[in-house]
$ cat input22.txt   # compact mmCIF, C-alpha atoms and all ligand atoms
# COMPACT_ATOMS: atom_id res chain seq x y z
CA MET D 4 0.90 0.96 -12.12
CA PRO D 5 2.99 -2.04 -10.97
CA PHE D 6 5.93 -0.36 -9.24
CA ARG D 7 7.34 -3.58 -7.78
CA ASN D 8 8.93 -6.52 -9.60
CA ASP D 9 6.97 -9.78 -9.59
CA SER D 10 8.06 -13.27 -10.65
CA LEU D 11 7.36 -12.45 -14.33
CA ASN D 12 8.08 -8.75 -14.83
CA TRP D 13 10.43 -5.95 -13.80
CA GLY D 14 8.41 -3.24 -12.04
CA VAL D 15 8.27 0.38 -13.16
CA THR D 16 10.72 1.37 -10.40
CA ALA D 17 13.46 -1.10 -11.44
CA LYS D 18 13.02 -0.17 -15.11
CA THR D 19 13.18 3.55 -14.35
CA PHE D 20 16.37 3.04 -12.34
CA HIS D 21 17.87 0.83 -15.07
CA TRP D 22 17.26 3.15 -18.02
CA SER D 23 17.90 6.45 -16.25
CA ILE D 24 21.24 5.19 -14.86
CA ALA D 25 22.16 3.66 -18.25
CA THR D 26 21.44 6.98 -20.02
CA LEU D 27 23.38 8.97 -17.44
CA VAL D 28 26.35 6.60 -17.70
CA PHE D 29 26.55 7.12 -21.48
CA VAL D 30 26.32 10.91 -20.99
CA GLU D 31 29.01 10.66 -18.28
CA PHE D 32 31.48 8.96 -20.61
CA ALA D 33 30.95 11.64 -23.25
CA LEU D 34 31.28 14.49 -20.71
CA GLY D 35 34.36 12.93 -19.01
CA TRP D 36 36.28 12.46 -22.22
CA LEU D 37 35.24 15.86 -23.62
CA ALA D 38 36.16 17.64 -20.38
CA VAL D 39 39.66 16.09 -20.41
CA VAL D 40 40.46 16.89 -24.08
CA TRP D 41 38.75 20.31 -24.26
CA PRO D 42 41.12 23.31 -24.56
CA LEU D 43 41.44 25.54 -21.53
CA THR D 44 38.32 27.72 -22.00
CA PRO D 45 35.28 28.37 -19.76
CA THR D 46 33.51 25.51 -21.61
CA LYS D 47 36.03 23.05 -20.12
CA LEU D 48 34.99 24.20 -16.65
CA TYR D 49 31.28 23.72 -17.45
CA LEU D 50 31.95 20.26 -18.88
CA PHE D 51 33.66 19.33 -15.60
CA ILE D 52 30.88 20.83 -13.48
CA TRP D 53 28.27 18.77 -15.38
CA HIS D 54 30.45 15.64 -15.37
CA LYS D 55 31.05 15.76 -11.63
CA SER D 56 27.48 16.78 -10.76
CA LEU D 57 25.77 14.12 -12.90
CA GLY D 58 28.35 11.58 -11.68
CA MET D 59 27.23 12.26 -8.10
CA VAL D 60 23.60 11.83 -9.25
CA VAL D 61 24.59 8.39 -10.63
CA LEU D 62 26.11 7.48 -7.26
CA LEU D 63 22.92 8.52 -5.45
CA LEU D 64 20.64 6.68 -7.90
CA VAL D 65 22.73 3.48 -7.69
CA VAL D 66 22.57 3.49 -3.87
CA MET D 67 18.78 4.05 -4.02
CA ARG D 68 18.47 1.28 -6.62
CA LEU D 69 20.39 -1.17 -4.44
CA ILE D 70 18.26 -0.38 -1.40
CA TRP D 71 15.11 -0.87 -3.51
CA ARG D 72 16.50 -4.17 -4.84
CA LEU D 73 17.11 -5.42 -1.30
CA PHE D 74 13.37 -5.30 -0.60
CA ASN D 75 12.24 -6.24 -4.09
CA PRO D 76 13.88 -9.35 -5.62
CA ARG D 77 14.39 -9.64 -9.38
CA PRO D 78 11.96 -11.63 -11.59
CA LEU D 79 12.68 -15.31 -12.25
CA PHE D 80 14.87 -16.35 -15.19
CA PRO D 81 13.22 -18.08 -18.18
CA VAL D 82 13.56 -21.91 -17.99
CA SER D 83 15.66 -21.88 -21.16
CA VAL D 84 18.41 -20.03 -19.25
CA ALA D 85 21.02 -22.57 -18.09
CA ARG D 86 22.54 -22.52 -14.60
CA TRP D 87 25.91 -21.23 -15.83
CA GLU D 88 24.12 -18.40 -17.64
CA ARG D 89 22.26 -17.41 -14.49
CA VAL D 90 25.49 -17.42 -12.48
CA THR D 91 27.22 -15.35 -15.19
CA ALA D 92 24.32 -12.88 -15.33
CA GLU D 93 24.25 -12.47 -11.53
CA THR D 94 28.05 -12.02 -11.49
CA VAL D 95 28.01 -9.36 -14.21
CA HIS D 96 25.14 -7.55 -12.48
CA GLY D 97 26.98 -7.69 -9.14
CA LEU D 98 30.14 -6.31 -10.75
CA PHE D 99 28.06 -3.56 -12.40
CA TYR D 100 26.79 -2.41 -9.02
CA ALA D 101 30.30 -2.50 -7.52
CA VAL D 102 31.81 -0.48 -10.41
CA LEU D 103 28.87 1.96 -10.50
CA ILE D 104 29.67 2.83 -6.88
CA LEU D 105 33.47 2.71 -7.03
CA LEU D 106 33.73 4.79 -10.23
CA PRO D 107 31.89 7.92 -9.02
CA PHE D 108 33.45 7.42 -5.59
CA SER D 109 36.95 7.49 -7.14
CA GLY D 110 35.91 10.73 -8.90
CA TRP D 111 34.79 12.17 -5.57
CA LEU D 112 38.12 11.17 -3.95
CA LEU D 113 39.98 12.61 -6.94
CA ASN D 114 38.10 15.88 -6.60
CA SER D 115 38.94 16.03 -2.88
CA ALA D 116 42.62 15.19 -3.51
CA THR D 117 42.94 18.10 -5.97
CA GLY D 118 41.82 20.46 -3.21
CA VAL D 119 39.68 22.50 -5.63
CA PRO D 120 36.33 23.27 -3.97
CA PHE D 121 33.39 22.07 -6.04
CA LYS D 122 29.67 22.82 -5.85
CA ILE D 123 27.22 20.24 -7.27
CA PHE D 124 25.31 22.03 -10.09
CA GLY D 125 26.67 25.19 -8.47
CA TRP D 126 24.24 24.65 -5.54
CA PHE D 127 26.05 23.08 -2.63
CA LYS D 128 29.59 22.13 -1.78
CA LEU D 129 30.62 18.51 -2.24
CA PRO D 130 32.14 17.47 1.14
CA GLU D 131 35.90 16.82 1.06
CA LEU D 132 36.74 13.17 1.78
CA VAL D 133 40.49 13.73 2.23
CA ALA D 134 43.02 16.54 2.53
CA PRO D 135 44.61 17.71 -0.77
CA SER D 136 47.28 15.21 -1.87
CA ARG D 137 49.27 14.98 -5.11
CA PRO D 138 50.11 11.24 -4.84
CA LEU D 139 46.46 10.37 -4.13
CA MET D 140 45.43 12.49 -7.09
CA GLY D 141 47.60 10.39 -9.42
CA ILE D 142 46.29 7.13 -7.99
CA MET D 143 42.67 8.27 -8.29
CA ILE D 144 43.08 9.41 -11.90
CA ASP D 145 44.42 5.92 -12.75
CA ALA D 146 41.64 4.25 -10.72
CA HIS D 147 38.96 6.40 -12.41
CA ILE D 148 40.22 5.51 -15.89
CA LEU D 149 40.65 1.81 -15.04
CA LEU D 150 37.14 1.60 -13.57
CA GLY D 151 35.83 3.36 -16.68
CA TRP D 152 37.33 0.60 -18.85
CA ALA D 153 35.96 -2.05 -16.49
CA LEU D 154 32.49 -0.52 -16.94
CA ILE D 155 32.88 -0.51 -20.73
CA SER D 156 33.92 -4.20 -20.68
CA LEU D 157 30.92 -5.15 -18.52
CA LEU D 158 28.66 -3.17 -20.84
CA ALA D 159 29.97 -4.99 -23.91
CA ILE D 160 29.20 -8.39 -22.31
CA HIS D 161 25.84 -7.12 -21.02
CA ILE D 162 24.59 -5.72 -24.33
CA LEU D 163 25.79 -8.74 -26.34
CA ALA D 164 24.05 -11.05 -23.84
CA ALA D 165 20.80 -9.03 -24.03
CA LEU D 166 20.84 -9.16 -27.86
CA ARG D 167 21.70 -12.87 -27.83
CA HIS D 168 18.67 -13.55 -25.62
CA HIS D 169 16.45 -11.53 -27.91
CA TRP D 170 17.60 -12.63 -31.36
CA PHE D 171 19.10 -16.11 -30.89
CA ARG D 172 17.34 -17.53 -27.83
CA GLN D 173 14.18 -15.53 -28.51
CA ASP D 174 13.22 -15.38 -24.83
CA VAL D 175 11.65 -12.58 -22.76
CA THR D 176 14.87 -11.30 -21.12
CA LEU D 177 15.24 -8.09 -23.15
CA LYS D 178 11.56 -7.54 -23.92
CA ARG D 179 10.51 -7.39 -20.27
CA MET D 180 13.22 -4.83 -19.42
CA LEU D 181 11.82 -2.42 -22.02
CA PRO D 182 9.58 0.45 -20.87
CA PHE D 183 5.83 -0.12 -21.15
CA VAL D 184 6.26 -3.83 -21.99
CA ARG D 185 4.65 -6.44 -19.73
CA ILE D 186 4.78 -10.14 -20.52
CA ARG D 187 2.33 -12.86 -19.50
CA GLU D 188 4.39 -15.95 -20.19
CA SER D 189 4.78 -18.39 -17.29
CA ASN D 190 7.69 -20.47 -18.62
CA LEU D 191 10.04 -19.40 -15.82
CA HIS D 192 12.29 -21.00 -13.23
CA VAL D 193 10.80 -21.57 -9.80
C1 LIG D 201 29.29 7.03 -13.53
C2 LIG D 201 30.03 8.06 -13.24
C3 LIG D 201 31.29 8.48 -13.96
C4 LIG D 201 31.82 8.05 -15.15
C5 LIG D 201 31.28 7.00 -16.12
C6 LIG D 201 33.03 8.81 -15.35
C7 LIG D 201 33.88 8.66 -16.45
C8 LIG D 201 34.97 9.47 -16.70
C9 LIG D 201 35.77 9.40 -17.89
C10 LIG D 201 35.56 8.44 -19.06
C11 LIG D 201 36.74 10.34 -17.78
C12 LIG D 201 37.86 10.66 -18.80
C13 LIG D 201 39.11 9.94 -18.40
C14 LIG D 201 40.28 10.29 -19.31
O1 LIG D 201 40.15 10.16 -20.53
O2 LIG D 201 41.32 10.71 -18.77
C15 LIG D 201 36.58 11.02 -16.51
C16 LIG D 201 37.39 12.02 -16.02
C17 LIG D 201 37.20 12.66 -14.82
N1 LIG D 201 36.17 12.46 -13.93
FE1 LIG D 201 34.71 11.06 -14.11
N2 LIG D 201 33.22 9.67 -14.29
C18 LIG D 201 32.17 9.51 -13.42
C19 LIG D 201 31.96 10.20 -12.24
C20 LIG D 201 32.75 11.21 -11.74
C21 LIG D 201 32.53 11.93 -10.51
C22 LIG D 201 31.36 11.71 -9.55
C23 LIG D 201 33.54 12.84 -10.38
C24 LIG D 201 33.81 13.85 -9.29
C25 LIG D 201 32.97 14.22 -8.34
C26 LIG D 201 34.40 12.69 -11.53
C27 LIG D 201 35.53 13.42 -11.75
C28 LIG D 201 36.35 13.31 -12.85
C29 LIG D 201 37.56 14.09 -13.05
C30 LIG D 201 38.13 15.15 -12.09
C31 LIG D 201 38.10 13.67 -14.28
C32 LIG D 201 39.39 14.16 -14.95
C33 LIG D 201 40.46 13.14 -14.67
C34 LIG D 201 41.74 13.48 -15.44
O3 LIG D 201 42.25 14.57 -15.25
O4 LIG D 201 42.19 12.60 -16.20
N3 LIG D 201 33.89 11.69 -12.34
N4 LIG D 201 35.49 10.47 -15.88
C1 LIG D 202 25.38 1.78 -18.73
C2 LIG D 202 24.43 1.01 -19.15
C3 LIG D 202 23.82 -0.14 -18.38
C4 LIG D 202 24.00 -0.54 -17.10
C5 LIG D 202 24.91 0.08 -16.03
C6 LIG D 202 23.15 -1.69 -16.88
C7 LIG D 202 23.06 -2.40 -15.67
C8 LIG D 202 22.20 -3.45 -15.43
C9 LIG D 202 22.07 -4.16 -14.18
C10 LIG D 202 22.90 -3.86 -12.92
C11 LIG D 202 21.11 -5.09 -14.32
C12 LIG D 202 20.63 -6.09 -13.26
C13 LIG D 202 19.41 -5.59 -12.59
C14 LIG D 202 19.21 -6.28 -11.25
O1 LIG D 202 19.22 -7.52 -11.20
O2 LIG D 202 19.08 -5.55 -10.25
C15 LIG D 202 20.61 -5.00 -15.68
C16 LIG D 202 19.62 -5.77 -16.23
C17 LIG D 202 19.31 -5.77 -17.57
N1 LIG D 202 19.80 -4.93 -18.55
FE1 LIG D 202 21.14 -3.48 -18.31
N2 LIG D 202 22.49 -1.98 -18.04
C18 LIG D 202 22.88 -1.05 -18.99
C19 LIG D 202 22.45 -0.98 -20.30
C20 LIG D 202 21.66 -1.89 -20.91
C21 LIG D 202 21.34 -1.92 -22.33
C22 LIG D 202 21.86 -0.92 -23.36
C23 LIG D 202 20.53 -3.00 -22.51
C24 LIG D 202 19.90 -3.49 -23.80
C25 LIG D 202 20.59 -3.72 -24.88
C26 LIG D 202 20.30 -3.62 -21.23
C27 LIG D 202 19.51 -4.72 -21.00
C28 LIG D 202 19.26 -5.28 -19.78
C29 LIG D 202 18.36 -6.41 -19.55
C30 LIG D 202 17.57 -7.14 -20.63
C31 LIG D 202 18.39 -6.71 -18.19
C32 LIG D 202 17.65 -7.86 -17.47
C33 LIG D 202 18.61 -9.01 -17.37
C34 LIG D 202 18.05 -10.22 -16.64
O3 LIG D 202 16.83 -10.41 -16.62
O4 LIG D 202 18.87 -10.97 -16.09
N3 LIG D 202 21.02 -2.94 -20.28
N4 LIG D 202 21.30 -3.99 -16.33
$ encode --input "input22.txt" --output "structure tokens" --more "lines below"
Ligand code: HEM
Ligand code: HEM
Amino acid sequence: MPFRNDSLNWGVTAKTFHWSIATLVFVEFALGWLAVVWPLTPTKLYLFIWHKSLGMVVLLLVVMRLIWRLFNPRPLFPVSVARWERVTAETVHGLFYAVLILLPFSGWLLNSATGVPFKIFGWFKLPELVAPSRPLMGIMIDAHILLGWALISLLAIHILAALRHHWFRQDVTLKRMLPFVRIRESNLHV
């Protein structure tokens, strides 16, 4: 199985990272919002345990994905993709990585600032980054929500761009990110 990217295709590793992180991010939004609005019952606690635990998994996966990307450059863009589109794509992807690290990290800081000890999946204690602090708690709640909206905005651009490539430009951009799809076209930038 081709684990690495080549000039034409995303490898299995990059695709697995992409779709597992994307799925977890959607689950994380649902869990985060549910946990906040849920009435004060044991379920609320479980929603928070899952939200925080899976959020830390996202952080770990994103760091692993970035390290992998460092040694394994992305495939080339199709020739039909203009320079400004490449720059926009690379910018949105860069911002994605930044937000995908800062968002869980703000959650981690928030958890530390509350001073409530937390065990990931109930297994092991999440190390405290800072001493308990009310002002920091407020700042981190705002940061967490703001970063959440930033992620949603990036996602809107990202999904619209992917669909535009597929339906209007009819190039390989979306197709070759899908699982089990490999393309053989050679009409790519060098
Ligand atoms: C990709 C990862 C994450 C996403 C997308 C995410 C998203 C969200 C969202 C949408 C909310 C609801 C905000 C609101 O309506 O007030 C929330 C709340 C919260 N999240 Fe996360 N989160 C992530 C990771 C984490 C992590 C890793 C932690 C802690 C270790 C964490 C801790 C919290 C806490 C404590 C709240 C409640 C904040 C409040 O009281 O308003 N989150 N998160
Ligand atoms: C939370 C959800 C998502 C996140 C965080 C995300 C993030 C990313 C990132 C960071 C890249 C760049 C990969 C790299 O260069 O290392 C990428 C590529 C890509 N994503 Fe997503 N993505 C998400 C959901 C989606 C969805 C729902 C679609 C399809 C509609 C999609 C389609 C694509 C495609 C086609 C590429 C390749 C773009 C190219 O060749 O320039 N993504 N994604």
$ atom_distance --input "input22.txt" --atom1 "atom CA of D:Phe127" --atom2 "atom C14 of ligand LIG 201 (chain D)"
25.4 Å
$ residues_near_ligand --input "input22.txt" --ligand "ligand LIG 202 (chain D)" --cutoff "6 Å" --atoms "all atoms listed in the file" --output "list of chain:residue names"
D:Ala25, D:Val28, D:Arg77, D:Ala92, D:His96, D:Phe99, D:Tyr100, D:Ile162, D:Ala165, D:Thr176, D:Leu177, D:Met180
$ closest_residue --input "input22.txt" --among "D:Ala134, D:Val39, D:Leu11, D:Ile70" --to "ligand LIG 201 (chain D)" --atoms "all atoms listed in the file"
D:Val39
$ atom_distance --input "input22.txt" --atom1 "atom CA of D:Val82" --atom2 "atom CA of D:Phe6"
24.5 Å
$ closest_residue --input "input22.txt" --among "D:Val65, D:Ile155, D:Ile148, D:Met4" --to "ligand LIG 201 (chain D)" --atoms "only C-alpha atoms and all ligand atoms"
D:Ile148
$ residues_near_ligand --input "input22.txt" --ligand "ligand LIG 201 (chain D)" --cutoff "8 Å" --atoms "all atoms listed in the file" --output "MDAnalysis selection string"
chainID D and resid 27:40 51 54:62 103:104 106:114 129 144:145 147:148 151 154
$ decode --input "input22.txt" --residues "stretch 78-107 of chain D" --atoms "C-alpha atoms" --output "PDB file, in the first residue's frame"
ATOM      1  CA  PRO D  78       1.274  16.182  -4.168  1.00  0.00           C
ATOM      2  CA  LEU D  79       1.537  18.789  -6.943  1.00  0.00           C
ATOM      3  CA  PHE D  80      -1.436  21.003  -7.798  1.00  0.00           C
ATOM      4  CA  PRO D  81      -3.269  20.419 -11.102  1.00  0.00           C
ATOM      5  CA  VAL D  82      -2.072  22.837 -13.856  1.00  0.00           C
ATOM      6  CA  SER D  83      -5.549  24.378 -14.009  1.00  0.00           C
ATOM      7  CA  VAL D  84      -5.031  25.746 -10.475  1.00  0.00           C
ATOM      8  CA  ALA D  85      -3.904  29.389 -10.728  1.00  0.00           C
ATOM      9  CA  ARG D  86      -1.092  30.834  -8.603  1.00  0.00           C
ATOM     10  CA  TRP D  87      -3.462  32.846  -6.402  1.00  0.00           C
ATOM     11  CA  GLU D  88      -5.488  29.678  -5.772  1.00  0.00           C
ATOM     12  CA  ARG D  89      -2.388  27.774  -4.710  1.00  0.00           C
ATOM     13  CA  VAL D  90      -1.372  30.576  -2.359  1.00  0.00           C
ATOM     14  CA  THR D  91      -4.911  30.711  -0.915  1.00  0.00           C
ATOM     15  CA  ALA D  92      -5.009  26.921  -0.473  1.00  0.00           C
ATOM     16  CA  GLU D  93      -1.605  26.859   1.265  1.00  0.00           C
ATOM     17  CA  THR D  94      -2.672  29.769   3.505  1.00  0.00           C
ATOM     18  CA  VAL D  95      -5.946  28.103   4.522  1.00  0.00           C
ATOM     19  CA  HIS D  96      -4.127  24.817   5.183  1.00  0.00           C
ATOM     20  CA  GLY D  97      -1.480  26.617   7.263  1.00  0.00           C
ATOM     21  CA  LEU D  98      -4.185  28.387   9.280  1.00  0.00           C
ATOM     22  CA  PHE D  99      -5.965  25.040   9.768  1.00  0.00           C
ATOM     23  CA  TYR D 100      -2.846  23.542  11.335  1.00  0.00           C
ATOM     24  CA  ALA D 101      -2.347  26.605  13.572  1.00  0.00           C
ATOM     25  CA  VAL D 102      -5.984  26.561  14.791  1.00  0.00           C
ATOM     26  CA  LEU D 103      -6.012  22.771  15.205  1.00  0.00           C
ATOM     27  CA  ILE D 104      -3.131  23.160  17.668  1.00  0.00           C
ATOM     28  CA  LEU D 105      -4.218  26.375  19.395  1.00  0.00           C
ATOM     29  CA  LEU D 106      -7.834  25.252  19.927  1.00  0.00           C
ATOM     30  CA  PRO D 107      -7.152  22.059  21.923  1.00  0.00           C
TER      31      PRO D 107
END
